[in-house]
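Structure below is run12.txt: compact mmCIF, C-alpha atoms.
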# COMPACT_ATOMS: atom_id res chain seq x y z
CA MET A 163 -18.56 -93.05 225.44
CA ASN A 164 -16.16 -90.63 223.77
CA ARG A 165 -15.19 -90.56 220.12
CA ARG A 166 -12.02 -92.46 220.63
CA THR A 167 -13.60 -95.59 222.07
CA ASN A 168 -16.26 -95.36 219.40
CA SER A 169 -13.78 -95.58 216.56
CA THR A 170 -11.83 -98.31 218.35
CA GLY A 171 -15.09 -100.20 218.64
CA ARG A 172 -15.73 -99.72 214.94
CA ALA A 173 -12.42 -101.38 214.11
CA TYR A 174 -13.80 -104.54 215.72
CA VAL A 175 -17.02 -104.78 213.70
CA VAL A 176 -15.61 -106.70 210.72
CA PRO A 177 -13.32 -108.95 212.83
CA ALA A 178 -16.26 -109.83 215.08
CA ILE A 179 -18.41 -110.77 212.08
CA LEU A 180 -15.57 -112.87 210.66
CA ALA A 181 -14.99 -114.64 213.98
CA PHE A 182 -18.70 -115.42 214.28
CA ALA A 183 -18.83 -116.71 210.70
CA SER A 184 -15.76 -118.88 211.43
CA LEU A 185 -17.43 -120.47 214.44
CA ILE A 186 -20.63 -121.22 212.50
CA GLY A 187 -18.47 -122.67 209.72
CA LEU A 188 -16.50 -124.82 212.14
CA ILE A 189 -19.60 -126.21 213.85
CA SER A 190 -21.75 -126.67 210.73
CA ALA A 191 -19.89 -129.64 209.22
CA LEU A 192 -19.86 -131.26 212.65
CA ILE A 193 -23.66 -131.25 212.81
CA GLY A 194 -24.42 -132.88 209.49
CA ASP A 195 -23.31 -133.76 205.98
CA GLY A 196 -24.43 -132.37 202.63
CA ILE A 197 -25.64 -128.79 202.99
CA PHE A 198 -23.94 -128.49 206.39
CA ASN A 199 -20.60 -129.26 204.75
CA VAL A 200 -21.28 -126.70 202.03
CA ILE A 201 -22.03 -124.02 204.66
CA SER A 202 -18.66 -124.81 206.28
CA TRP A 203 -16.82 -124.56 202.98
CA LEU A 204 -18.44 -121.23 202.16
CA LEU A 205 -17.91 -119.60 205.55
CA LEU A 206 -14.34 -120.81 206.16
CA GLY A 207 -13.38 -120.46 202.49
CA GLY A 208 -14.87 -116.96 202.70
CA LEU A 209 -12.07 -116.00 205.09
CA LEU A 210 -9.57 -116.66 202.31
CA GLY A 211 -11.77 -114.56 200.02
CA VAL A 212 -11.66 -111.64 202.48
CA ILE A 213 -7.85 -111.81 202.55
CA ALA A 214 -7.69 -111.85 198.75
CA TRP A 215 -10.14 -108.93 198.57
CA ALA A 216 -8.11 -106.83 201.05
CA LEU A 217 -4.84 -107.53 199.24
CA VAL A 218 -6.36 -106.33 195.97
CA LYS A 219 -8.65 -103.52 197.13
CA ARG A 220 -7.08 -102.18 200.30
CA ARG A 221 -3.48 -101.87 199.17
CA ALA A 222 -2.34 -98.38 200.06
CA MET B 109 -7.80 -97.69 226.97
CA GLN B 110 -5.29 -96.53 229.58
CA ARG B 111 -1.70 -96.31 228.41
CA ALA B 112 -0.46 -98.64 231.13
CA THR B 113 -3.11 -101.25 230.29
CA MET B 114 -2.23 -101.03 226.62
CA LYS B 115 1.44 -101.49 227.41
CA THR B 116 0.64 -104.62 229.43
CA TRP B 117 -1.35 -106.12 226.55
CA PHE B 118 1.41 -105.24 224.11
CA LEU B 119 4.00 -106.96 226.30
CA VAL B 120 1.73 -110.02 226.76
CA HIS B 121 1.39 -110.27 222.98
CA LYS B 122 5.12 -109.87 222.48
CA TRP B 123 6.28 -112.42 225.03
CA THR B 124 3.63 -115.10 224.58
CA SER B 125 4.33 -114.92 220.84
CA LEU B 126 8.09 -114.99 221.18
CA VAL B 127 8.05 -118.05 223.42
CA CYS B 128 5.71 -120.12 221.26
CA THR B 129 6.45 -118.96 217.69
CA LEU B 130 9.19 -121.43 216.75
CA PHE B 131 7.18 -124.37 218.12
CA LEU B 132 4.03 -123.09 216.43
CA LEU B 133 5.92 -122.87 213.13
CA LEU B 134 6.94 -126.51 213.64
CA LEU B 135 3.34 -127.47 214.46
CA CYS B 136 1.96 -125.64 211.40
CA LEU B 137 4.58 -127.11 209.06
CA THR B 138 4.12 -130.68 210.32
CA GLY B 139 0.36 -130.24 210.61
CA LEU B 140 0.03 -129.43 206.92
CA PRO B 141 0.82 -132.95 205.62
CA LEU B 142 -1.06 -134.46 208.57
CA ILE B 143 -4.30 -132.81 207.38
CA PHE B 144 -3.97 -134.97 204.27
CA TYR B 145 -2.74 -138.08 206.14
CA GLU B 146 -5.40 -140.33 204.61
CA GLU B 147 -4.88 -139.06 201.06
CA ILE B 148 -1.08 -139.29 201.32
CA ASN B 149 -1.28 -142.80 202.79
CA HIS B 150 -3.59 -143.80 199.99
CA LEU B 151 -1.18 -142.49 197.34
CA ALA B 152 1.73 -144.16 199.13
CA GLY B 153 -0.04 -147.53 199.06
CA ALA B 154 -0.68 -147.70 202.81
CA GLU B 155 -4.35 -148.20 202.05
CA PRO B 156 -4.37 -150.59 199.09
CA GLU B 157 -7.43 -151.10 196.93
CA VAL B 158 -9.40 -153.94 198.46
CA SER B 159 -11.85 -156.06 196.51
CA ALA B 160 -15.48 -155.65 197.61
CA PRO B 161 -16.93 -158.69 199.38
CA GLN B 162 -19.01 -161.11 197.29
CA PRO B 163 -22.75 -160.53 197.74
CA GLY B 164 -23.93 -162.58 200.70
CA ALA B 165 -20.37 -163.22 201.90
CA LYS B 166 -19.91 -163.54 205.65
CA PRO B 167 -17.02 -161.84 207.46
CA ILE B 168 -14.27 -164.19 208.67
CA ASN B 169 -14.44 -165.11 212.36
CA LEU B 170 -12.42 -162.52 214.30
CA ASP B 171 -10.73 -165.21 216.41
CA VAL B 172 -9.32 -166.64 213.18
CA LEU B 173 -8.08 -163.19 212.06
CA VAL B 174 -6.40 -162.56 215.42
CA ALA B 175 -4.72 -165.99 215.33
CA GLN B 176 -3.53 -165.22 211.81
CA ALA B 177 -2.08 -161.87 212.96
CA LEU B 178 -0.28 -163.53 215.89
CA ALA B 179 1.21 -166.10 213.51
CA GLN B 180 2.93 -163.18 211.75
CA TYR B 181 4.53 -162.02 215.00
CA PRO B 182 5.20 -165.10 217.16
CA GLY B 183 5.47 -164.29 220.84
CA ASP B 184 3.24 -161.20 220.59
CA VAL B 185 -0.10 -160.74 222.32
CA PRO B 186 -3.08 -159.00 220.69
CA LEU B 187 -3.63 -155.37 221.79
CA PHE B 188 -6.32 -153.85 219.59
CA LEU B 189 -8.36 -154.74 216.56
CA GLY B 190 -10.51 -152.47 214.49
CA TRP B 191 -12.40 -151.91 211.27
CA ASP B 192 -11.70 -149.48 208.45
CA ASP B 193 -14.54 -147.01 207.79
CA HIS B 194 -13.99 -147.04 204.05
CA ALA B 195 -12.82 -150.55 203.20
CA PRO B 196 -13.75 -154.13 204.20
CA THR B 197 -10.57 -154.60 206.21
CA VAL B 198 -9.72 -155.47 209.80
CA TYR B 199 -6.47 -154.43 211.48
CA VAL B 200 -4.93 -156.17 214.48
CA ASN B 201 -2.25 -154.48 216.60
CA THR B 202 0.05 -156.83 218.49
CA GLY B 203 3.00 -156.33 220.82
CA ALA B 204 5.40 -158.08 223.17
CA ARG B 205 3.41 -157.01 226.26
CA PRO B 206 -0.22 -156.03 226.85
CA ASP B 207 0.88 -152.41 227.50
CA THR B 208 3.18 -152.11 224.48
CA PRO B 209 3.22 -148.42 223.45
CA PRO B 210 2.38 -147.47 219.83
CA PRO B 211 6.00 -147.02 218.65
CA GLN B 212 6.70 -150.73 219.35
CA MET B 213 3.39 -152.14 218.07
CA HIS B 214 3.09 -154.47 215.09
CA THR B 215 0.09 -154.23 212.79
CA VAL B 216 -1.48 -156.80 210.47
CA VAL B 217 -4.21 -155.67 208.08
CA MET B 218 -6.48 -158.35 206.64
CA HIS B 219 -9.42 -158.58 204.28
CA ALA B 220 -12.47 -158.91 206.52
CA TYR B 221 -14.20 -161.41 204.19
CA THR B 222 -11.34 -163.46 202.74
CA GLY B 223 -8.79 -163.23 205.56
CA GLU B 224 -6.08 -162.35 203.05
CA VAL B 225 -3.17 -160.53 204.74
CA LEU B 226 -2.77 -157.21 202.91
CA PRO B 227 0.66 -155.76 202.11
CA VAL B 228 0.36 -152.58 204.18
CA PRO B 229 3.32 -150.65 205.66
CA GLN B 230 3.45 -150.37 209.46
CA PHE B 231 1.76 -147.21 210.77
CA ASN B 232 4.70 -146.53 213.07
CA GLU B 233 7.35 -146.37 210.37
CA GLY B 234 8.13 -143.98 207.56
CA VAL B 235 8.04 -140.25 206.88
CA MET B 236 4.44 -139.64 207.93
CA TYR B 237 5.02 -141.28 211.32
CA PHE B 238 8.14 -139.16 211.78
CA ILE B 239 6.06 -136.05 211.05
CA LEU B 240 3.32 -137.24 213.41
CA ARG B 241 5.79 -137.68 216.27
CA LEU B 242 7.25 -134.21 215.64
CA HIS B 243 3.73 -132.81 215.74
CA THR B 244 2.47 -134.71 218.78
CA ASP B 245 5.31 -135.42 221.23
CA LEU B 246 8.70 -134.36 219.84
CA PHE B 247 9.78 -138.03 220.22
CA VAL B 248 9.78 -137.85 224.03
CA GLY B 249 6.31 -139.15 224.91
CA LEU B 250 3.92 -137.52 227.35
CA PRO B 251 6.24 -134.70 228.55
CA GLY B 252 6.69 -133.61 224.93
CA THR B 253 2.95 -133.75 224.34
CA LEU B 254 2.17 -131.66 227.41
CA PHE B 255 4.90 -129.18 226.48
CA LEU B 256 3.32 -128.70 223.04
CA GLY B 257 -0.04 -128.27 224.79
CA ALA B 258 1.46 -125.44 226.85
CA MET B 259 2.76 -123.86 223.63
CA ALA B 260 -0.76 -124.08 222.19
CA LEU B 261 -2.10 -122.24 225.24
CA LEU B 262 0.53 -119.51 224.81
CA PHE B 263 -0.53 -119.30 221.15
CA ALA B 264 -4.14 -118.75 222.27
CA ALA B 265 -2.95 -116.03 224.69
CA ALA B 266 -1.00 -114.41 221.84
CA ILE B 267 -4.14 -114.41 219.68
CA VAL B 268 -6.30 -112.85 222.40
CA SER B 269 -3.72 -110.18 223.29
CA GLY B 270 -3.16 -109.47 219.60
CA PHE B 271 -6.90 -108.95 219.22
CA VAL B 272 -6.91 -106.47 222.14
CA ILE B 273 -4.21 -104.26 220.62
CA TYR B 274 -5.69 -104.63 217.12
CA GLY B 275 -8.61 -102.26 217.80
CA PRO B 276 -6.67 -99.19 218.95
CA PHE B 277 -4.12 -99.77 216.19
CA MET B 278 -6.78 -99.86 213.48
CA ARG B 279 -8.68 -96.88 214.88
CA LYS B 280 -7.82 -94.60 211.97
CA LEU B 281 -7.41 -97.25 209.31
CA GLU B 282 -10.01 -98.98 207.17
CA PHE B 283 -10.38 -102.73 207.76
CA GLY B 284 -7.90 -104.62 205.60
CA THR B 285 -5.57 -101.73 204.86
CA VAL B 286 -2.14 -102.93 203.74
CA ARG B 287 0.30 -100.05 203.30
CA THR B 288 2.72 -101.46 200.75
CA SER B 289 4.28 -98.23 199.53
CA ARG B 290 5.83 -97.01 202.78
CA SER B 291 8.32 -99.20 204.63
CA SER B 292 8.86 -102.92 204.68
CA ARG B 293 8.09 -103.00 208.38
CA LEU B 294 4.78 -101.20 207.91
CA LYS B 295 3.76 -103.53 205.08
CA TRP B 296 4.43 -106.65 207.14
CA LEU B 297 2.82 -105.12 210.22
CA ASP B 298 -0.39 -104.46 208.27
CA LEU B 299 -0.28 -107.93 206.71
CA HIS B 300 0.32 -109.51 210.13
CA ASN B 301 -2.72 -107.66 211.49
CA LEU B 302 -4.95 -108.48 208.51
CA LEU B 303 -4.07 -112.18 208.26
CA GLY B 304 -4.11 -112.57 212.02
CA VAL B 305 -7.48 -110.99 212.59
CA VAL B 306 -9.19 -112.77 209.66
CA THR B 307 -8.03 -116.22 210.82
CA LEU B 308 -8.55 -115.43 214.52
CA GLY B 309 -11.61 -117.62 215.15
CA TRP B 310 -10.23 -120.60 213.25
CA ALA B 311 -6.74 -120.36 214.78
CA LEU B 312 -8.15 -120.02 218.29
CA VAL B 313 -10.32 -123.13 217.87
CA VAL B 314 -7.54 -125.22 216.29
CA GLY B 315 -5.07 -124.06 218.96
CA LEU B 316 -7.33 -124.72 221.93
CA THR B 317 -8.60 -128.08 220.64
CA GLY B 318 -4.95 -129.02 220.05
CA ALA B 319 -4.22 -128.19 223.68
CA ILE B 320 -7.20 -130.32 224.77
CA ASN B 321 -5.91 -133.22 222.65
CA THR B 322 -2.60 -133.19 224.52
CA LEU B 323 -4.54 -134.27 227.62
CA ALA B 324 -5.82 -137.46 225.95
CA SER B 325 -3.70 -140.00 227.80
CA PRO B 326 -3.96 -138.40 231.27
CA LEU B 327 -7.77 -138.18 230.82
CA GLN B 328 -7.90 -141.79 229.62
CA ALA B 329 -5.86 -142.91 232.62
CA ALA B 330 -8.07 -140.94 235.03
CA TRP B 331 -11.19 -142.50 233.48
CA GLN B 332 -9.81 -146.00 234.02
CA LYS B 333 -8.87 -145.19 237.59
CA ASN B 334 -12.20 -143.61 238.53
CA GLU B 335 -15.32 -144.22 236.42
CA LEU B 336 -14.18 -147.55 234.98
CA ALA B 337 -12.98 -148.82 238.36
CA GLU B 338 -16.42 -148.01 239.77
CA VAL B 339 -18.27 -149.94 237.07
CA THR B 340 -15.93 -152.92 237.45
CA ALA B 341 -15.62 -152.76 241.25
CA ALA B 342 -16.51 -156.47 241.49
CA TYR B 343 -13.30 -157.31 239.60
CA GLN B 344 -10.95 -155.35 241.83
CA ASP B 345 -9.51 -158.34 243.69
CA LYS B 346 -9.75 -160.86 240.88
CA PRO B 347 -6.53 -162.03 239.24
CA THR B 348 -6.04 -160.90 235.65
CA PRO B 349 -7.81 -163.30 233.27
CA ALA B 350 -5.78 -166.24 231.98
CA ARG B 351 -5.05 -166.63 228.28
CA PRO B 352 -6.56 -167.68 225.97
CA PHE B 353 -9.32 -165.14 226.58
CA ALA B 354 -12.97 -165.70 225.70
CA SER B 355 -13.87 -165.53 222.01
CA ILE B 356 -13.40 -162.01 220.62
CA ASP B 357 -15.85 -162.78 217.81
CA LYS B 358 -18.61 -163.56 220.30
CA ALA B 359 -17.64 -160.55 222.47
CA VAL B 360 -18.11 -158.24 219.47
CA ALA B 361 -21.40 -159.90 218.49
CA ASP B 362 -22.71 -159.55 222.07
CA ALA B 363 -21.54 -155.93 222.23
CA ARG B 364 -23.47 -155.21 219.00
CA ALA B 365 -26.59 -156.66 220.60
CA ALA B 366 -25.98 -154.62 223.78
CA ALA B 367 -25.69 -151.35 221.82
CA PRO B 368 -28.40 -151.38 219.15
CA GLY B 369 -27.99 -148.85 216.36
CA MET B 370 -24.25 -148.52 217.00
CA THR B 371 -21.37 -150.08 215.06
CA PRO B 372 -18.13 -151.40 216.57
CA ALA B 373 -15.12 -149.29 215.57
CA TYR B 374 -12.34 -150.93 217.53
CA VAL B 375 -11.72 -153.33 220.42
CA SER B 376 -9.13 -153.00 223.16
CA TYR B 377 -7.71 -156.02 224.96
CA PRO B 378 -7.29 -156.12 228.75
CA GLY B 379 -4.18 -154.30 229.98
CA THR B 380 -3.82 -151.93 227.03
CA GLY B 381 -4.91 -148.89 229.04
CA TYR B 382 -8.32 -148.58 227.40
CA SER B 383 -10.56 -151.01 229.25
CA GLY B 384 -8.97 -152.04 232.52
CA GLU B 385 -7.25 -155.33 233.34
CA HIS B 386 -10.20 -157.71 232.99
CA HIS B 387 -12.23 -156.55 230.04
CA TYR B 388 -12.39 -156.25 226.34
CA GLY B 389 -13.51 -152.72 225.49
CA VAL B 390 -15.66 -152.93 222.39
CA PHE B 391 -15.87 -149.27 221.33
CA VAL B 392 -19.05 -148.64 219.37
CA HIS B 393 -20.13 -145.45 217.63
CA GLY B 394 -23.12 -143.97 215.81
CA ALA B 395 -23.57 -143.03 212.17
CA THR B 396 -24.17 -139.26 212.27
CA PRO B 397 -21.18 -136.88 212.00
CA LEU B 398 -21.44 -136.19 215.73
CA GLY B 399 -22.34 -139.76 216.75
CA GLU B 400 -19.41 -141.07 214.72
CA ARG B 401 -17.04 -139.22 217.04
CA LEU B 402 -18.68 -140.20 220.31
CA TYR B 403 -17.34 -143.68 220.96
CA ARG B 404 -18.86 -145.68 223.77
CA PRO B 405 -17.25 -148.73 225.35
CA VAL B 406 -19.12 -151.99 225.84
CA LEU B 407 -17.15 -153.86 228.50
CA VAL B 408 -16.98 -157.61 227.96
CA ASP B 409 -15.45 -159.90 230.60
CA ALA B 410 -12.38 -161.37 228.86
CA ALA B 411 -12.55 -164.53 231.00
CA THR B 412 -16.22 -165.43 230.65
CA GLY B 413 -17.26 -163.45 227.56
CA ALA B 414 -20.22 -161.90 229.40
CA VAL B 415 -21.16 -158.25 228.81
CA THR B 416 -20.43 -156.42 232.09
CA ALA B 417 -21.49 -152.83 231.40
CA THR B 418 -21.96 -150.11 228.80
CA PRO B 419 -20.75 -147.07 230.73
CA ASP B 420 -21.43 -143.57 229.44
CA LEU B 421 -18.22 -141.64 228.91
CA PRO B 422 -17.74 -138.67 231.28
CA TRP B 423 -18.12 -135.17 229.85
CA HIS B 424 -14.38 -134.51 229.66
CA LEU B 425 -13.77 -137.55 227.45
CA LYS B 426 -16.71 -136.54 225.25
CA ALA B 427 -15.23 -133.04 224.99
CA LEU B 428 -11.92 -134.63 224.03
CA LEU B 429 -13.56 -136.76 221.31
CA LEU B 430 -15.45 -133.76 219.92
CA SER B 431 -12.34 -131.56 219.98
CA GLN B 432 -10.47 -133.97 217.72
CA PRO B 433 -12.23 -133.21 214.42
CA LEU B 434 -12.04 -129.48 215.17
CA HIS B 435 -8.28 -129.85 215.42
CA PHE B 436 -7.74 -132.28 212.52
CA GLY B 437 -10.18 -130.68 210.04
CA ASP B 438 -11.15 -134.14 208.78
CA TYR B 439 -14.91 -133.87 209.13
CA GLY B 440 -16.20 -131.96 206.11
CA GLY B 441 -14.82 -133.71 203.08
CA LEU B 442 -11.78 -132.88 200.96
CA PRO B 443 -12.81 -129.22 200.35
CA LEU B 444 -12.70 -128.56 204.11
CA LYS B 445 -9.26 -130.19 204.33
CA ILE B 446 -8.00 -127.95 201.53
CA ILE B 447 -9.39 -124.85 203.29
CA TRP B 448 -7.78 -126.13 206.52
CA GLY B 449 -4.46 -126.39 204.70
CA LEU B 450 -4.74 -122.88 203.26
CA LEU B 451 -5.66 -121.38 206.64
CA ASP B 452 -2.66 -123.24 208.06
CA LEU B 453 -0.45 -121.57 205.43
CA VAL B 454 -1.93 -118.16 206.34
CA THR B 455 -1.10 -118.88 210.00
CA ILE B 456 2.49 -119.67 208.99
CA ILE B 457 2.66 -116.20 207.39
CA VAL B 458 1.23 -114.61 210.57
CA LEU B 459 3.88 -116.38 212.68
CA ALA B 460 6.74 -115.61 210.32
CA SER B 461 5.74 -111.95 209.90
CA GLY B 462 5.44 -111.59 213.67
CA LEU B 463 8.94 -113.00 214.03
CA TYR B 464 10.18 -110.68 211.27
CA LEU B 465 8.62 -107.65 212.97
CA TRP B 466 10.47 -108.51 216.15
CA LEU B 467 13.79 -109.23 214.41
CA ALA B 468 13.55 -106.12 212.23
CA ARG B 469 12.50 -103.93 215.14
CA SER B 470 14.22 -100.60 215.41
CA ARG B 471 15.71 -99.68 218.72
CA ALA B 472 12.34 -98.18 219.55
CA SER B 473 11.25 -99.08 223.05
CA ALA B 474 8.00 -100.71 224.02
CA ASP B 475 6.76 -97.21 224.88
CA VAL B 476 7.23 -96.06 221.29
CA ARG B 477 5.35 -99.13 220.02
CA VAL B 478 2.54 -98.46 222.46
CA ALA B 479 2.40 -94.86 221.22
CA GLU B 480 2.11 -96.24 217.67
CA ILE B 481 -0.78 -98.48 218.68
CA GLN B 482 -2.50 -95.68 220.54
CA GLY B 483 -1.89 -93.29 217.68
CA GLY B 484 -4.17 -95.42 215.57
CA GLY B 485 -1.44 -97.21 213.65
CA LEU B 486 0.00 -94.05 212.11
CA PRO B 487 3.75 -94.10 212.71
CA MET B 488 5.82 -90.94 212.67
CA ALA B 489 8.20 -90.71 209.72
CA ALA B 490 11.14 -90.49 212.10
CA ARG B 491 10.42 -93.95 213.42
CA GLU B 492 10.34 -95.64 210.04
CA ILE B 493 12.96 -98.02 208.81
CA PRO B 494 13.52 -97.29 205.12
Would you write out, as C-alpha cells, the structure that this file holds?
Amino acid sequence: MNRRTNSTGRAYVVPAILAFASLIGLISALIGDGIFNVISWLLLGGLLGVIAWALVKRRA
Amino acid sequence: MQRATMKTWFLVHKWTSLVCTLFLLLLCLTGLPLIFYEEINHLAGAEPEVSAPQPGAKPINLDVLVAQALAQYPGDVPLFLGWDDHAPTVYVNTGARPDTPPPQMHTVVMHAYTGEVLPVPQFNEGVMYFILRLHTDLFVGLPGTLFLGAMALLFAAAIVSGFVIYGPFMRKLEFGTVRTSRSSRLKWLDLHNLLGVVTLGWALVVGLTGAINTLASPLQAAWQKNELAEVTAAYQDKPTPARPFASIDKAVADARAAAPGMTPAYVSYPGTGYSGEHHYGVFVHGATPLGERLYRPVLVDAATGAVTATPDLPWHLKALLLSQPLHFGDYGGLPLKIIWGLLDLVTIIVLASGLYLWLARSRASADVRVAEIQGGGLPMAAREIP
C-alpha cells in the first residue's frame, strides 16, 4: 500500500466510526426502552454534536 | 484510485443527486411535520382528552360500536376497527364498498367504555393529510409511491457515491475542515462534505427504509395471493360471506384466546385487502418495542365466527414492519423525534448545498473536478470563483 491510499484510508476513519455509532443508535431504541432509548439519543444526538464541534473548531 | 474510476464515481454522484434532489427536498420538507404527526394532531384536537374508564368498567360490545359508527354513515359498510395505544378509544373506518381506498373512508372514534362518539376530525382531511399525500404518493396512488421509492434508491446511490469520492477529496484535510475564508463555493463544498458524511448512516437507513415502505401495498397484495390463499385454500370456491357477518366482538375475544400474550391492534373486514374475501383479520401484536411492530393476523371466518388460522407473516412483510419505525423515527420517545427532525434539517442543507454547488459551478469540466478530488481537495487559485 503506498502513501496515497494510506492517507485516503485515514480520511475514512472518523466517518466509519460515526456510521457505526449511527447504526448502533438506530437499532438500540428498537430493542428496548429506558436505557436503550438513552443510548439512541446519545449516539444520534452525538452526530449533531460533531457537526457543532467542527463548525466551531475546524473553521479555516 | 484510478482517474477513470474516480471520474465514474464523480459522475454517478452528480447525476443520481441531480435527478433526485428536488424530490428529496420535498420529502425532507414534508417529512419534518410528519415526524411530529401525533404531537401536532394532539395540539390540533384530533386526539381529544378522553376520560379514563371507571374502575371495573367493561368495554362496550364491539358489535354495538360498529353499529353506532354505521348509523353515522348510512349505506356504508365497516372496513377496519382498531384501538388507540394511548387512550381508551376505538376507531371504526367505514366506506361505500368493502375495498374503499383510504381517501374515501369515513372514520368514527368512540370511547371504548362509554360508547360516546368523540368529536375527532377525519384523518383524510386537513393540512396534515395533504402533507402525508405529498410525502407518500404525490396524490396519484401507487405509481406515485413507487416513483418516490425510486427517488429514495437514487438518494442512496448518491450517498454511496458521495462517500467514495469523499476519501480522496479529504486526503490532505483534517476531518471536519470548513474553509470559510476562501470562496463561497469552497465553504459550501466543505459544509456539504461535512454534513453529508456525518449524517451518512442515518440518511442511508431512512432512505432505504423509505424505499422499502413504498412496496407495502404490492407486498400486502402478494401475501394475500400466495401465503394467505394457501392457508385459506378450503375457502377458494365458497361464495363471499353474506352480511351481517358473525359477531366481531366474539371474533376478537376468540382471537385473543388463540394468541395468548398478544393484544389486538386492529381488525380488517373481508374484502379490504388485508385478510382475503372470507375472513376477519384480527391483527395482534406483542408488548416489547420489537414485538409491538410485528403484527400477526388471526384469521376468523366472517360467516361462522370460527378461528381458521394464525399464519406467521413471511420474512418480507416482517422486514417491512420493522423498516417502518426506522423510517418514521417514532420509536424512542420525543427526544428521538427531535433528533430525527434536526438530522432531517441537516439533510435539507446537504441537498440544498449540493444543488448550489451545481448551479454555481464554474465552466470547469468534470475532468477539472476530478483533478480537484484527486488533488486532495486543494483547488488551484485559478479555478476559484471569488
Chain B residues within 8 Å of chain A, counting all atoms listed in the file: which ones, as a PyMOL selection string?
chain B and resi 109+275-276+278-280+282-289+302-303+305-310+396-398+434+439-441+443-444+447+450-451
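Reported to one decimal place, the separation of atom CA of B:Gly257 from atom CA of B:Thr129 is 13.4 Å.
Here atom CA of B:Asp475 stands at a distance of 15.2 Å from atom CA of B:Trp123.
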Just how far from atom CA of B:Ser325 is atom CA of B:Leu254, in Å to one decimal?
10.2 Å
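The residue that comes closest to B:Ala460, out of B:Ser125, B:Gln162, B:Gln176, B:Thr116 and on the basis of only C-alpha atoms, is B:Ser125.
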